[in-house]
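As stored in model_8.txt (compact mmCIF, C-alpha atoms):
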# COMPACT_ATOMS: atom_id res chain seq x y z
CA MET A 1 34.22 38.36 -8.28
CA GLN A 2 31.34 38.87 -10.66
CA SER A 3 28.03 37.16 -11.01
CA CYS A 4 25.66 37.29 -13.90
CA SER A 5 22.31 35.76 -14.55
CA ALA A 6 22.62 33.34 -17.48
CA THR A 7 18.96 32.37 -17.33
CA VAL A 8 16.12 33.22 -15.02
CA ALA A 9 16.95 30.29 -12.74
CA VAL A 10 20.71 29.76 -13.06
CA VAL A 11 23.33 32.13 -11.74
CA THR A 12 26.88 31.58 -13.00
CA THR A 13 29.71 32.77 -10.81
CA ARG A 14 32.97 33.94 -12.42
CA VAL A 15 36.24 34.20 -10.57
CA GLY A 16 39.49 35.65 -11.87
CA ILE A 17 42.73 33.70 -11.69
CA ARG A 18 44.17 36.08 -9.11
CA GLU A 19 41.21 35.54 -6.79
CA LEU A 20 41.43 31.80 -7.30
CA ARG A 21 45.08 31.92 -6.24
CA ASN A 22 44.46 34.16 -3.23
CA ASN A 23 41.24 32.51 -1.99
CA THR A 24 41.48 28.94 -3.24
CA SER A 25 39.51 27.34 -0.40
CA SER A 26 36.74 29.89 -0.66
CA VAL A 27 36.41 29.44 -4.44
CA ILE A 28 36.33 25.64 -4.11
CA GLU A 29 33.65 25.98 -1.45
CA GLN A 30 31.60 28.11 -3.85
CA ALA A 31 32.03 25.57 -6.63
CA THR A 32 30.84 22.85 -4.27
CA GLN A 33 27.77 24.85 -3.27
CA LEU A 34 26.87 26.27 -6.68
CA GLY A 35 27.79 23.27 -8.82
CA GLU A 36 30.46 25.14 -10.80
CA VAL A 37 32.51 28.31 -10.95
CA ILE A 38 33.92 29.70 -14.19
CA ILE A 39 37.54 30.86 -14.03
CA THR A 40 38.40 33.93 -16.05
CA SER A 41 41.67 35.37 -17.28
CA ASN A 42 41.84 38.93 -18.52
CA GLY A 43 38.04 38.98 -18.46
CA GLU A 44 37.65 35.88 -20.63
CA ASP A 45 36.26 32.51 -19.55
CA VAL A 46 39.10 29.99 -19.58
CA ALA A 47 38.11 27.11 -17.30
CA ILE A 48 35.33 25.59 -15.21
CA LEU A 49 35.85 24.45 -11.64
CA LYS A 50 33.36 21.71 -10.73
CA PRO A 51 33.09 19.45 -7.69
CA LEU A 52 33.52 15.72 -8.19
CA ALA A 53 30.25 13.82 -8.21
CA SER A 54 29.51 12.08 -4.96
CA ALA A 55 29.96 8.33 -4.74
CA TRP A 56 26.20 7.95 -4.68
CA SER A 57 25.57 10.03 -7.79
CA ARG A 58 28.29 8.02 -9.56
CA THR A 59 26.38 4.88 -8.60
CA VAL A 60 23.18 6.32 -10.07
CA ASP A 61 25.03 7.38 -13.24
CA THR A 62 26.47 3.88 -13.59
CA ILE A 63 23.02 2.34 -13.25
CA LEU A 64 21.38 4.72 -15.74
CA ASN A 65 24.23 4.60 -18.25
CA GLY A 66 24.21 0.80 -18.28
CA LEU A 67 20.54 0.37 -19.09
CA PRO A 68 19.30 -1.27 -22.26
CA ASP A 69 17.34 0.91 -24.67
CA PRO A 70 13.86 1.85 -23.39
CA VAL A 71 11.07 -0.45 -24.53
CA ASP A 72 7.47 0.14 -23.55
CA THR A 73 6.33 -3.41 -22.81
CA GLY A 74 2.92 -2.33 -21.53
CA TRP A 75 4.03 -2.91 -17.96
CA ALA A 76 2.27 0.17 -16.59
CA ASP A 77 -1.02 -1.10 -18.05
CA GLU A 78 -0.41 -4.57 -16.59
CA LEU A 79 0.19 -3.02 -13.20
CA ALA A 80 -2.99 -0.94 -13.45
CA ALA A 81 -4.99 -4.04 -14.39
CA ASP A 82 -3.57 -5.93 -11.39
CA ASP A 83 -4.49 -2.97 -9.16
CA ALA A 84 -8.03 -2.93 -10.53
CA GLN A 85 -8.43 -6.64 -9.74
CA SER A 86 -7.18 -6.22 -6.22
CA ILE A 87 -9.71 -3.70 -4.95
CA GLU A 88 -12.45 -6.28 -4.44
CA ASP A 89 -11.79 -6.34 -0.70
CA LEU A 90 -12.90 -2.70 -0.46
CA ALA A 91 -16.53 -2.73 0.55
CA MET B 1 13.10 12.34 5.04
CA ASN B 2 13.05 8.75 3.79
CA ILE B 3 12.00 7.83 0.27
CA ILE B 4 10.31 4.82 -1.27
CA LEU B 5 10.18 4.56 -5.06
CA ASP B 6 7.06 2.71 -6.06
CA THR B 7 6.72 0.32 -8.99
CA SER B 8 5.05 2.84 -11.29
CA ALA B 9 7.85 5.36 -10.73
CA MET B 10 10.50 2.72 -11.53
CA ILE B 11 8.68 1.62 -14.69
CA ALA B 12 8.36 5.25 -15.80
CA ALA B 13 12.08 5.87 -15.20
CA ILE B 14 13.60 2.70 -16.61
CA GLU B 15 11.18 1.10 -19.07
CA ARG B 16 9.80 4.33 -20.51
CA ARG B 17 12.81 6.55 -19.67
CA ASN B 18 10.43 9.34 -18.70
CA ASP B 19 12.40 12.56 -18.23
CA GLU B 20 10.85 13.58 -14.91
CA SER B 21 11.26 10.11 -13.44
CA VAL B 22 14.89 9.83 -14.56
CA ALA B 23 15.51 13.27 -13.05
CA LEU B 24 14.00 12.00 -9.81
CA LEU B 25 16.48 9.11 -9.71
CA ARG B 26 19.36 11.49 -10.43
CA SER B 27 18.24 13.77 -7.60
CA LEU B 28 18.42 11.02 -4.97
CA GLU B 29 21.05 11.74 -2.34
CA GLY B 30 21.36 8.16 -1.13
CA PRO B 31 19.69 4.77 -1.16
CA THR B 32 15.93 4.66 -0.84
CA ILE B 33 13.99 2.34 1.44
CA ARG B 34 13.42 -1.02 -0.22
CA SER B 35 9.79 -2.13 -0.29
CA VAL B 36 9.21 -5.86 -0.39
CA PHE B 37 5.95 -5.21 -2.27
CA VAL B 38 7.64 -3.11 -4.97
CA ASP B 39 10.27 -5.84 -5.19
CA GLY B 40 7.50 -8.40 -5.63
CA GLU B 41 5.69 -6.40 -8.32
CA LEU B 42 8.93 -5.95 -10.25
CA ALA B 43 9.72 -9.66 -9.97
CA ALA B 44 6.19 -10.46 -11.18
CA GLY B 45 6.76 -8.23 -14.20
CA VAL B 46 9.93 -10.12 -15.12
CA GLU B 47 8.27 -13.51 -14.66
CA THR B 48 5.20 -12.48 -16.65
CA ALA B 49 7.34 -11.25 -19.56
CA THR B 50 9.23 -14.54 -19.50
CA MET B 51 6.14 -16.78 -19.30
CA ARG B 52 4.32 -14.77 -21.96
CA ARG B 53 7.43 -14.86 -24.15
CA LEU B 54 7.36 -11.13 -24.75
CA GLY B 55 10.84 -11.36 -26.27
CA LYS B 56 14.39 -10.58 -25.23
CA PRO B 57 14.18 -6.75 -25.29
CA ALA B 58 11.06 -6.78 -23.09
CA ILE B 59 12.51 -9.27 -20.63
CA ALA B 60 15.83 -7.39 -20.57
CA ILE B 61 14.26 -4.02 -19.77
CA ARG B 62 12.10 -5.53 -17.02
CA GLU B 63 15.10 -7.29 -15.52
CA ALA B 64 17.04 -4.02 -15.71
CA THR B 65 14.21 -2.25 -13.89
CA ALA B 66 14.22 -4.81 -11.07
CA THR B 67 18.02 -4.73 -10.85
CA ALA B 68 18.09 -0.93 -10.80
CA TYR B 69 15.55 -0.91 -7.97
CA ALA B 70 17.65 -3.36 -5.96
CA ARG B 71 20.75 -1.20 -6.43
CA LEU B 72 18.95 2.06 -5.60
CA SER B 73 17.36 0.79 -2.39
CA GLU B 74 18.33 -0.77 0.91
CA THR B 75 16.31 -3.10 3.08
CA PRO B 76 15.57 -1.30 6.36
CA GLU B 77 17.05 -2.74 9.52
CA ARG B 78 13.68 -2.96 11.22
CA TRP B 79 10.90 -4.58 9.26
CA THR B 80 8.01 -4.99 11.65
CA ALA B 81 5.39 -7.11 9.93
CA ASP B 82 2.77 -6.68 12.64
CA VAL B 83 2.91 -2.88 12.50
CA ILE B 84 2.77 -2.89 8.70
CA ALA B 85 -0.24 -5.21 8.85
CA SER B 86 -1.93 -2.90 11.33
CA HIS B 87 -1.42 0.08 8.99
CA PHE B 88 -2.69 -1.97 6.05
CA GLY B 89 -5.87 -2.69 7.96
CA TRP B 90 -6.34 0.99 8.80
CA LEU B 91 -5.69 2.00 5.18
CA THR B 92 -8.17 -0.55 3.84
CA ALA B 93 -10.88 0.70 6.18
CA HIS B 94 -9.99 4.30 5.28
CA CYS B 95 -10.35 3.45 1.57
CA SER B 96 -13.71 1.78 2.10
CA ILE B 97 -15.13 4.64 4.11
CA ASN B 98 -13.81 7.31 1.74
CA GLN B 99 -14.55 5.33 -1.44
CA LEU B 100 -10.93 5.39 -2.56
CA LYS B 101 -10.22 2.59 -5.02
CA VAL B 102 -6.59 1.71 -4.43
CA GLY B 103 -5.06 -1.70 -5.14
CA GLN B 104 -3.91 -3.99 -2.35
CA ASN B 105 -0.21 -3.81 -3.18
CA ASP B 106 -0.32 -0.03 -3.16
CA ARG B 107 -1.96 -0.11 0.26
CA TRP B 108 0.79 -2.45 1.51
CA ILE B 109 3.47 -0.07 0.18
CA LEU B 110 1.73 2.83 1.91
CA ALA B 111 1.57 0.75 5.10
CA GLU B 112 5.33 0.18 4.89
CA ALA B 113 5.94 3.92 4.53
CA MET B 114 3.69 4.69 7.50
CA THR B 115 5.61 2.15 9.57
CA HIS B 116 9.00 3.66 8.76
CA GLY B 117 7.71 7.18 9.48
CA SER B 118 8.77 10.46 7.84
CA THR B 119 8.72 8.64 4.53
CA THR B 120 7.48 9.81 1.14
CA ILE B 121 6.55 7.41 -1.64
CA TYR B 122 7.29 8.69 -5.13
CA THR B 123 4.64 7.27 -7.45
CA ALA B 124 3.31 7.78 -10.97
CA ASP B 125 -0.05 6.34 -9.86
CA SER B 126 -2.62 9.09 -9.27
CA ALA B 127 -4.97 6.81 -7.28
CA MET B 128 -2.18 5.89 -4.89
CA ASN B 129 -1.24 9.55 -4.57
CA ALA B 130 -4.86 10.44 -3.79
CA LEU B 131 -4.85 7.96 -0.92
CA GLY B 132 -1.48 9.23 0.30
CA THR B 133 -2.76 12.80 0.25
CA SER B 134 -5.90 11.77 2.12
CA VAL B 135 -3.89 9.93 4.80
CA THR B 136 -1.44 12.82 5.18
CA LYS B 137 -4.36 15.17 5.80
CA THR B 138 -6.35 12.81 8.03
CA MET B 139 -3.37 11.93 10.24
CA ASN B 140 -1.87 15.44 10.03
CA LEU B 141 1.50 14.00 9.03
CA SER B 142 4.45 16.40 8.88
CA THR B 143 5.86 14.61 5.82
CA ASP B 144 3.70 13.99 2.75
CA LEU B 145 3.11 10.26 2.48
CA THR B 146 3.16 10.38 -1.33
CA SER B 147 4.43 12.60 -4.10
CA LEU B 148 3.15 12.27 -7.66
CA VAL B 149 5.88 12.00 -10.26
CA ALA B 150 4.89 13.81 -13.45
CA THR B 151 5.06 11.50 -16.45
CA SER B 152 4.57 13.81 -19.40
CA ARG B 153 6.37 11.46 -21.76

Structure translated into structure tokens:
Amino acid sequence: MQSCSATVAVVTTRVGIRELRNNTSSVIEQATQLGEVIITSNGEDVAILKPLASAWSRTVDTILNGLPDPVDTGWADELAADDAQSIEDLA
Amino acid sequence: MNIILDTSAMIAAIERRNDESVALLRSLEGPTIRSVFVDGELAAGVETATMRRLGKPAIAIREATATAYARLSETPERWTADVIASHFGWLTAHCSINQLKVGQNDRWILAEAMTHGSTTIYTADSAMNALGTSVTKTMNLSTDLTSLVATSR
């Protein structure tokens, strides 16, 4: 198994096909923990092993992907104005 | 740790599609605690857009924000109004004494979080975050009561 630093923050793990065959559970566990493992064959990247998104993250994706285009309606300013009006009870 | 998304964080994520706020939603590991006051502010935003006839796109994005909040949150099993009211009273006095100018709804949302315990409110409102920070320090809470969501865009 070999690891290399792709960026300062992200470490990509590479696993050869033979190791995937011999230690399947272990490689899947790594993919689950790291987010992905790249499978290599003869030293070349050939596939990516990634865990399925959780049911919750699929829910979030569905919500975000189904949104209408963003429109700034001035809502944040409205909210701030309402806040400003509601501090009169503070002596 | 429990999470409450406040109205400003939802507006930043959905209406303005702010990168940091969207990332916050994507990072959630499960439903957040539903705040009746956030729900109310979001409903008010939809009604205001409708009554002011801001147009279909504006009404649609506000409705989408309220709907997204409802889907991302769950009403807690215990909702003890008397305890929340007690925390609201304490927070209001704390604001007065420390000259913190924080709106009533924000104080109610903070009171909800204090009632649930071990709860952090994610907000884009710096005044609310200042009060949360002050309360966390004053009461020596183990969980920060608020966390400020960066809204660079």

Non-local contacts of A:Val60 (10 Å; all atoms listed in the file; under 2 positions in same chain excluded) as an MDAnalysis selection string: (chainID A and resid 54:58 62:66) or (chainID B and resid 25:31 68 71:72)

Distance of atom CA of A:Asn42 from atom CA of A:Asn22, expressed in Å to one decimal place: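 Separation of atom CA of A:Asn22 and atom CA of A:Asn42: 16.2 Å.
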
Residues of chain A at most 7 Å from chain B: nearest atom pair and distance in Å, only C-alpha atoms, as JSON lines:
{"residue": "A:Trp56", "atom": "CA", "partner": "B:Gly30", "partner_atom": "CA", "distance": 6.0}
{"residue": "A:Ser57", "atom": "CA", "partner": "B:Arg26", "partner_atom": "CA", "distance": 6.9}
{"residue": "A:Val60", "atom": "CA", "partner": "B:Arg26", "partner_atom": "CA", "distance": 6.4}
{"residue": "A:Ile63", "atom": "CA", "partner": "B:Ala68", "partner_atom": "CA", "distance": 6.4}
{"residue": "A:Leu67", "atom": "CA", "partner": "B:Ala64", "partner_atom": "CA", "distance": 6.6}
{"residue": "A:Pro68", "atom": "CA", "partner": "B:Ile61", "partner_atom": "CA", "distance": 6.3}
{"residue": "A:Pro70", "atom": "CA", "partner": "B:Glu15", "partner_atom": "CA", "distance": 5.1}
{"residue": "A:Val71", "atom": "CA", "partner": "B:Glu15", "partner_atom": "CA", "distance": 5.7}
{"residue": "A:Asp72", "atom": "CA", "partner": "B:Arg16", "partner_atom": "CA", "distance": 5.7}
{"residue": "A:Thr73", "atom": "CA", "partner": "B:Ala58", "partner_atom": "CA", "distance": 5.8}
{"residue": "A:Ala76", "atom": "CA", "partner": "B:Ser8", "partner_atom": "CA", "distance": 6.6}
{"residue": "A:Asp83", "atom": "CA", "partner": "B:Gly103", "partner_atom": "CA", "distance": 4.3}
{"residue": "A:Ala84", "atom": "CA", "partner": "B:Gly103", "partner_atom": "CA", "distance": 6.3}
{"residue": "A:Ser86", "atom": "CA", "partner": "B:Gly103", "partner_atom": "CA", "distance": 5.1}
{"residue": "A:Ile87", "atom": "CA", "partner": "B:Gly103", "partner_atom": "CA", "distance": 5.1}
{"residue": "A:Leu90", "atom": "CA", "partner": "B:Ser96", "partner_atom": "CA", "distance": 5.2}
{"residue": "A:Ala91", "atom": "CA", "partner": "B:Ser96", "partner_atom": "CA", "distance": 5.5}

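Rounded to one decimal, atom CA of B:Ala81 and atom CA of B:Met114 lie 12.2 Å from each other.
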
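The residue that comes closest to A:Ala80, out of B:Ile109, B:Val83, B:Thr151, B:Met128 and on the basis of all atoms listed in the file, is B:Met128.
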
Distance of atom CA of B:Lys137 from atom CA of B:Asp39, expressed in Å to one decimal place: 27.9 Å

Near-A:Val27 list (10 Å; all atoms listed in the file; drop same-chain fewer than 3 positions) as a ChimeraX atom specification: /A:1,13-15,19-24,30-33,36-37,39,49

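With only C-alpha atoms as the atoms that count, the residue of A:Asp77, A:Ile17, A:Asp82, A:Ile28 with the shortest distance to A:Lys50 is A:Ile28.
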
Write out as an mmCIF file with C-alpha atoms, keeping the file's coordinate frame the residues lying within 10 Å of B:Ser126, counting all atoms listed in the file and excluding same-chain residues fewer than 5 positions away.
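Written file, selection_25.cif:
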data_model
loop_
_atom_site.group_PDB
_atom_site.id
_atom_site.type_symbol
_atom_site.label_atom_id
_atom_site.label_comp_id
_atom_site.auth_asym_id
_atom_site.auth_seq_id
_atom_site.Cartn_x
_atom_site.Cartn_y
_atom_site.Cartn_z
ATOM 1 C CA VAL B 102 -6.590 1.710 -4.430
ATOM 2 C CA LEU B 131 -4.850 7.960 -0.920
ATOM 3 C CA GLY B 132 -1.480 9.230 0.300
ATOM 4 C CA THR B 146 3.160 10.380 -1.330
ATOM 5 C CA SER B 147 4.430 12.600 -4.100
ATOM 6 C CA LEU B 148 3.150 12.270 -7.660
ATOM 7 C CA VAL B 149 5.880 12.000 -10.260
ATOM 8 C CA ALA B 150 4.890 13.810 -13.450
#
